[in-house]
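First the structure, in the form of structure tokens, and then the observations on it.
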Amino acid sequence: MLTPIGFSLLRQLSDGAFHSGEDLAAKVGLTRARVSQVLKQAETAGLALERIRGRGYRLLAAPDFLDAAAVRLALTEYGARVAKPGAPAPKPPVPALDDDIALNGVERPTADFAPPALAVEVVDQLDSTSSELLRRSQRRDIHGALLAAEFQSAGRGRHGRAWTAVAGGSITFSMGWRFEQGAGFLAGLSLAVGVAVARALEREGLAGVELKWPNDLIFRHHKLGGILVELNGDALGPSTVVVGVGLNVRLPREAKKDIAQAVTDLAAVAGRGAKPIDRNRLLARLAHELANMLALYAEGGFASFAAEWQQRHAYQGKPVKLILPDGAAVKGTVAGVDASGALVLADGPRRSRFLSGEISLRRA
Ligand code: BTN
């Protein structure tokens with residue numbers, strides 16, 4: 001498996017030219033022996049590397065590194081607005097006025113629901129893209145900030161679990177958003193993110209991905225990716241939201257074994273013989289769909305996504321078992337989700353609603 005330092009080395013080699021061991025060692029601050037060791041690991045991870053005594057190392061086929069310029073270019077192709085690198089964050093929209101304030105003929109300012117120009121940033125390594133955006137949100141506006149990392153040293157999943165991803169074989173990113181509304185209105189947001197991600201995958205030719213309540217991405221009952229939505233703000237708003245998305249693109253066999261649940265990757269969704277997944281284009285597609293969804297959610301909440309969410313739910317109409325936080329199990333048939341994203345279970349004529357919290361859904 002590639003380590004972050006291996007990743008830095010591969011970036012040095014990504015021009016396809018020969019680089020001496022000495023040169024590489026100096027650039028990444030390792031000994032030559034360690035460079036040689038790390039590059040051996042890279043070969044084991046499936047990278048085609050040539051080494052010639054006296055000339056050094058050369059990559060025979062460059063891996064598709066995440067690259068901010070490539071993501072920006074693809075975003076523009078998809079019709080998204082992109083902020084210039086280093087541009088300041090957009091200004092907050094004009095606050096909505098109370099209905100009873102007389103406007104004296106002045107045109108009412110309307111909140112701007114169009115997605116902002118996205119500020120794209122790609123880094124090799126971070127503790128967690130979501131933790132970083134949350135930290136930044138203390139100091140500045142993160143509306144429309146897209147932050148992706150090749151490797152997270154402390155990736156976080158739901159329920160306080162760790163999120164494992166592989167450098168070069170995953171997509172891990174977070175997007176910051178500002179909503180005028182508060183937590184109640186945003187209850188269904190993480191489900192709507194699932195819809196946006198599934199749409200993005202489909203648009204990139206990766207069909208057959210399903211959702212599992214509340215917001216797992218699954219393929220043939222194996223986990224493909226996850227969503228973590230975190231928010232800060234007053235109960236009635238405004239709120240700052242950080243949406244974190246992790247997707248397995250190409251997980252080496254050892255990595256799959258290390259993860260405690262049944263996992264799969266997008267390479268399996270694409271199928272044998274499919275052309276390799278371009279992570280930069282995929283990241284751009286995900287960001288585009290996500291930003292469009294977030295802008296629409298600000299207008300109408302989860303209601304406009306509920307029908308599509310149900311269509312994409314792997315367990316719609318199926319018998320399931322919910323494990324509640326106290327360990328108790330509730331059985332029923334999935335009737336759907338309501339306008340706030342709560343799961344509706346049917347047990348004969350009885351209907352019960354469950355808010356996501358710590359509940360986990362299993363096949364019955
Ligand atoms: C889950 O438990 O299913 C949610 C996983 C969310 C992982 C993503 S990866 C990018 C972002 N940064 C994190 O630390 N977590 C989220």
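Identifiers in the structure tokens: chain A, B, ... in order shown; residue index from 1 per chain; ligand index from 1 in order shown.
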
Practice item. Fewer than 4 positions away in the same chain doesn't count, so skip those; otherwise give me all residues within 10 Å of Leu60 of chain A, counting only C-alpha atoms, as a ChimeraX atom specification. Key: /A:13-17,47-50

Go ahead and write the selection's residues with N, CA, C and O atoms as a compact mmCIF listing (two decimals), in the first residue's frame.
```
# COMPACT_ATOMS: atom_id res chain seq x y z
N LEU A 13 8.08 11.82 -9.72
CA LEU A 13 8.34 10.99 -10.90
C LEU A 13 7.27 11.11 -11.97
O LEU A 13 7.35 10.48 -13.02
N SER A 14 6.25 11.91 -11.70
CA SER A 14 5.07 11.87 -12.58
C SER A 14 5.33 12.47 -13.96
O SER A 14 4.51 12.34 -14.85
N ASP A 15 6.52 13.09 -14.15
CA ASP A 15 6.82 13.63 -15.49
C ASP A 15 7.32 12.54 -16.44
O ASP A 15 7.56 12.80 -17.62
N GLY A 16 7.49 11.32 -15.94
CA GLY A 16 7.89 10.21 -16.81
C GLY A 16 9.38 10.20 -17.13
O GLY A 16 9.85 9.33 -17.86
N ALA A 17 10.16 11.16 -16.59
CA ALA A 17 11.60 11.22 -16.88
C ALA A 17 12.37 10.45 -15.80
O ALA A 17 11.80 10.12 -14.75
N LEU A 47 2.31 -0.10 -9.38
CA LEU A 47 2.80 0.95 -10.27
C LEU A 47 3.99 0.46 -11.09
O LEU A 47 4.88 -0.21 -10.56
N ALA A 48 3.96 0.77 -12.37
CA ALA A 48 5.02 0.29 -13.26
C ALA A 48 6.20 1.25 -13.20
O ALA A 48 6.10 2.40 -13.62
N LEU A 49 7.28 0.76 -12.62
CA LEU A 49 8.45 1.60 -12.38
C LEU A 49 9.66 0.95 -13.03
O LEU A 49 9.83 -0.25 -13.00
N GLU A 50 10.51 1.77 -13.63
CA GLU A 50 11.74 1.23 -14.21
C GLU A 50 12.90 1.78 -13.41
O GLU A 50 12.92 2.98 -13.10
```

Taking a cut-off of 8 Å and counting only C-alpha atoms and all ligand atoms, can you build a table that, for each residue of chain A near ligand 1, reports the nearest atom pair and how far apart they are in Å (one decimal), sorted by chain then residue number, as CSV?
```
residue,atom,partner,partner_atom_place_in_ligand_line,distance
A:Asp127,CA,ligand 1,14 (O),7.3
A:Ser128,CA,ligand 1,14 (O),4.1
A:Thr129,CA,ligand 1,12 (N),4.5
A:Ser130,CA,ligand 1,12 (N),4.4
A:Ser131,CA,ligand 1,14 (O),6.4
A:Ala148,CA,ligand 1,10 (C),7.6
A:Gln152,CA,ligand 1,14 (O),7.1
A:Ala154,CA,ligand 1,14 (O),6.4
A:Gly155,CA,ligand 1,14 (O),3.4
A:Arg156,CA,ligand 1,14 (O),3.6
A:Gly157,CA,ligand 1,2 (O),3.2
A:Arg158,CA,ligand 1,2 (O),3.7
A:His159,CA,ligand 1,2 (O),7.0
A:Arg161,CA,ligand 1,2 (O),6.5
A:Ala162,CA,ligand 1,2 (O),7.4
A:Trp163,CA,ligand 1,7 (C),5.5
A:Ala165,CA,ligand 1,9 (S),7.7
A:Ile171,CA,ligand 1,9 (S),7.4
A:Thr172,CA,ligand 1,10 (C),4.1
A:Phe173,CA,ligand 1,10 (C),4.4
A:Ser174,CA,ligand 1,11 (C),5.4
A:Asn215,CA,ligand 1,3 (O),7.3
A:Asp216,CA,ligand 1,3 (O),5.8
A:Gly225,CA,ligand 1,3 (O),6.3
A:Gly226,CA,ligand 1,3 (O),3.3
A:Ile227,CA,ligand 1,4 (C),4.2
A:Leu228,CA,ligand 1,4 (C),4.6
A:Val243,CA,ligand 1,11 (C),7.4
A:Gly244,CA,ligand 1,11 (C),3.8
A:Val245,CA,ligand 1,8 (C),4.2
A:Gly246,CA,ligand 1,9 (S),3.7
A:Leu247,CA,ligand 1,9 (S),7.4
```

Restricted to N, CA and C atoms, what would the selected residues look like written as a tab-separated table (two decimals), in the first residue's frame?
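Full text of part22.tsv as output:
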```tsv
chain	number	residue	atom	x	y	z
A	127	ASP	N	-5.00	15.57	8.00
A	127	ASP	CA	-5.62	14.64	8.95
A	127	ASP	C	-6.98	14.22	8.39
A	128	SER	N	-7.81	15.20	8.04
A	128	SER	CA	-9.13	14.92	7.49
A	128	SER	C	-9.60	16.18	6.77
A	129	THR	N	-10.12	16.02	5.57
A	129	THR	CA	-10.57	17.20	4.81
A	129	THR	C	-11.72	17.89	5.55
A	130	SER	N	-12.56	17.09	6.23
A	130	SER	CA	-13.68	17.70	6.96
A	130	SER	C	-13.18	18.46	8.19
A	131	SER	N	-12.22	17.84	8.92
A	131	SER	CA	-11.68	18.54	10.10
A	131	SER	C	-11.05	19.85	9.66
A	148	ALA	N	-9.87	18.43	-1.39
A	148	ALA	CA	-9.67	16.98	-1.58
A	148	ALA	C	-8.26	16.62	-1.15
A	152	GLN	N	-5.63	10.79	3.94
A	152	GLN	CA	-6.04	11.36	5.22
A	152	GLN	C	-5.44	10.51	6.34
A	154	ALA	N	-6.21	10.89	9.52
A	154	ALA	CA	-7.21	10.67	10.57
A	154	ALA	C	-8.60	10.89	9.98
A	155	GLY	N	-8.88	10.15	8.90
A	155	GLY	CA	-10.19	10.25	8.23
A	155	GLY	C	-11.28	9.82	9.20
A	156	ARG	N	-12.38	10.55	9.20
A	156	ARG	CA	-13.45	10.27	10.16
A	156	ARG	C	-14.71	9.77	9.46
A	157	GLY	N	-15.33	8.75	10.05
A	157	GLY	CA	-16.59	8.25	9.53
A	157	GLY	C	-17.72	8.60	10.49
A	158	ARG	N	-18.91	8.10	10.22
A	158	ARG	CA	-20.04	8.36	11.12
A	158	ARG	C	-19.84	7.58	12.42
A	159	HIS	N	-20.60	7.97	13.44
A	159	HIS	CA	-20.56	7.33	14.75
A	159	HIS	C	-19.16	7.30	15.35
A	161	ARG	N	-16.40	6.65	14.04
A	161	ARG	CA	-15.50	5.61	13.51
A	161	ARG	C	-14.44	6.23	12.62
A	162	ALA	N	-13.36	5.47	12.38
A	162	ALA	CA	-12.32	5.96	11.46
A	162	ALA	C	-12.76	5.66	10.03
A	163	TRP	N	-12.27	6.45	9.08
A	163	TRP	CA	-12.55	6.19	7.67
A	163	TRP	C	-11.23	5.84	6.99
A	165	ALA	N	-8.96	5.07	3.82
A	165	ALA	CA	-8.88	5.29	2.37
A	165	ALA	C	-7.45	5.03	1.95
A	171	ILE	N	-11.30	8.47	-3.28
A	171	ILE	CA	-11.58	9.90	-3.39
A	171	ILE	C	-12.05	10.32	-2.01
A	172	THR	N	-11.39	11.27	-1.42
A	172	THR	CA	-11.82	11.80	-0.13
A	172	THR	C	-11.84	13.32	-0.26
A	173	PHE	N	-13.00	13.89	-0.05
A	173	PHE	CA	-13.08	15.35	-0.16
A	173	PHE	C	-14.20	15.89	0.72
A	174	SER	N	-14.14	17.18	0.96
A	174	SER	CA	-15.20	17.85	1.72
A	174	SER	C	-15.56	19.14	1.01
A	215	ASN	N	-27.27	7.15	4.75
A	215	ASN	CA	-26.50	7.72	3.64
A	215	ASN	C	-25.27	6.93	3.24
A	216	ASP	N	-25.37	5.61	3.27
A	216	ASP	CA	-24.26	4.80	2.74
A	216	ASP	C	-24.45	4.63	1.24
A	225	GLY	N	-18.93	3.66	-0.38
A	225	GLY	CA	-18.54	5.00	0.05
A	225	GLY	C	-19.43	5.48	1.18
A	226	GLY	N	-19.02	6.58	1.79
A	226	GLY	CA	-19.79	7.10	2.91
A	226	GLY	C	-19.85	8.62	2.88
A	227	ILE	N	-20.77	9.13	3.66
A	227	ILE	CA	-21.04	10.57	3.70
A	227	ILE	C	-21.10	11.01	5.15
A	228	LEU	N	-20.43	12.09	5.44
A	228	LEU	CA	-20.44	12.63	6.80
A	228	LEU	C	-20.82	14.11	6.70
A	243	VAL	N	-19.70	19.01	4.24
A	243	VAL	CA	-20.12	17.72	3.69
A	243	VAL	C	-18.85	16.95	3.31
A	244	GLY	N	-18.65	15.79	3.93
A	244	GLY	CA	-17.48	14.97	3.61
A	244	GLY	C	-17.91	13.73	2.85
A	245	VAL	N	-17.21	13.42	1.78
A	245	VAL	CA	-17.54	12.24	0.98
A	245	VAL	C	-16.28	11.39	0.80
A	246	GLY	N	-16.41	10.11	1.06
A	246	GLY	CA	-15.31	9.19	0.83
A	246	GLY	C	-15.78	8.08	-0.09
A	247	LEU	N	-15.03	7.82	-1.16
A	247	LEU	CA	-15.40	6.77	-2.11
A	247	LEU	C	-14.21	5.85	-2.36
```

Practice item. From the DSSP assignment of the backbone, select every residue of segment 284-335 of chain A that is strand (DSSP E), and format the answer as number ranges by chain. Key: A: 319-323, 329-335

Per-residue nearest contacts of segment 150-247 of chain A to segment 297-311 of chain A (12 Å; only C-alpha atoms) as CSV:
```
residue,atom,partner,partner_atom,distance
A:Trp177,CA,A:Ala298,CA,10.0
A:Arg178,CA,A:Ala298,CA,9.1
A:Phe179,CA,A:Ala298,CA,6.5
A:Glu180,CA,A:Ala298,CA,7.8
A:Gln181,CA,A:Ala298,CA,7.8
A:Gly182,CA,A:Ala298,CA,10.7
A:Ala183,CA,A:Gly301,CA,11.4
A:Gly184,CA,A:Gly301,CA,10.1
A:Phe185,CA,A:Gly301,CA,6.5
A:Leu186,CA,A:Gly301,CA,7.1
A:Ala187,CA,A:Phe302,CA,8.2
A:Gly188,CA,A:Phe302,CA,5.4
A:Leu189,CA,A:Phe302,CA,6.5
A:Ser190,CA,A:Phe302,CA,9.4
A:Leu191,CA,A:Trp309,CA,7.3
A:Ala192,CA,A:Phe305,CA,6.1
A:Val193,CA,A:Phe305,CA,9.6
A:Gly194,CA,A:Trp309,CA,7.8
A:Val195,CA,A:Trp309,CA,5.9
A:Ala196,CA,A:Phe305,CA,9.3
A:Val197,CA,A:Trp309,CA,11.2
A:Ala198,CA,A:Trp309,CA,9.5
A:Arg199,CA,A:Glu308,CA,9.9
A:Gly208,CA,A:Gln311,CA,11.8
A:Val209,CA,A:Gln311,CA,11.5
A:Glu210,CA,A:Gln311,CA,9.0
A:Leu211,CA,A:Trp309,CA,7.6
A:Lys212,CA,A:Trp309,CA,9.6
A:Trp213,CA,A:Trp309,CA,9.4
A:Pro214,CA,A:Trp309,CA,10.0
A:Asn215,CA,A:Trp309,CA,9.8
A:Asp216,CA,A:Trp309,CA,11.8
A:Leu217,CA,A:Trp309,CA,11.7
A:Gly237,CA,A:Ala298,CA,11.8
A:Pro238,CA,A:Ala298,CA,11.3
A:Ser239,CA,A:Ala298,CA,11.1
A:Val241,CA,A:Ala298,CA,11.7
```

Exercise for review: Please give the complete set of residues from segment 104-281 of chain A that DSSP, run on the backbone, assigns to alpha helix (DSSP H), formatted as a PyMOL selection string.
Suggested key: chain A and resi 129-137+189-203+253-258+266-270+279-281

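Taking only C-alpha atoms into account, Phe354 of chain A lies nearest to A:Val334 out of the set A:Leu283, A:Leu66, A:Ala207, A:Val334.
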
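Counting only C-alpha atoms and comparing A:Leu126, A:Val242, A:Val120, A:Leu296, the residue that lies closest to Gly176 of chain A is A:Val242.
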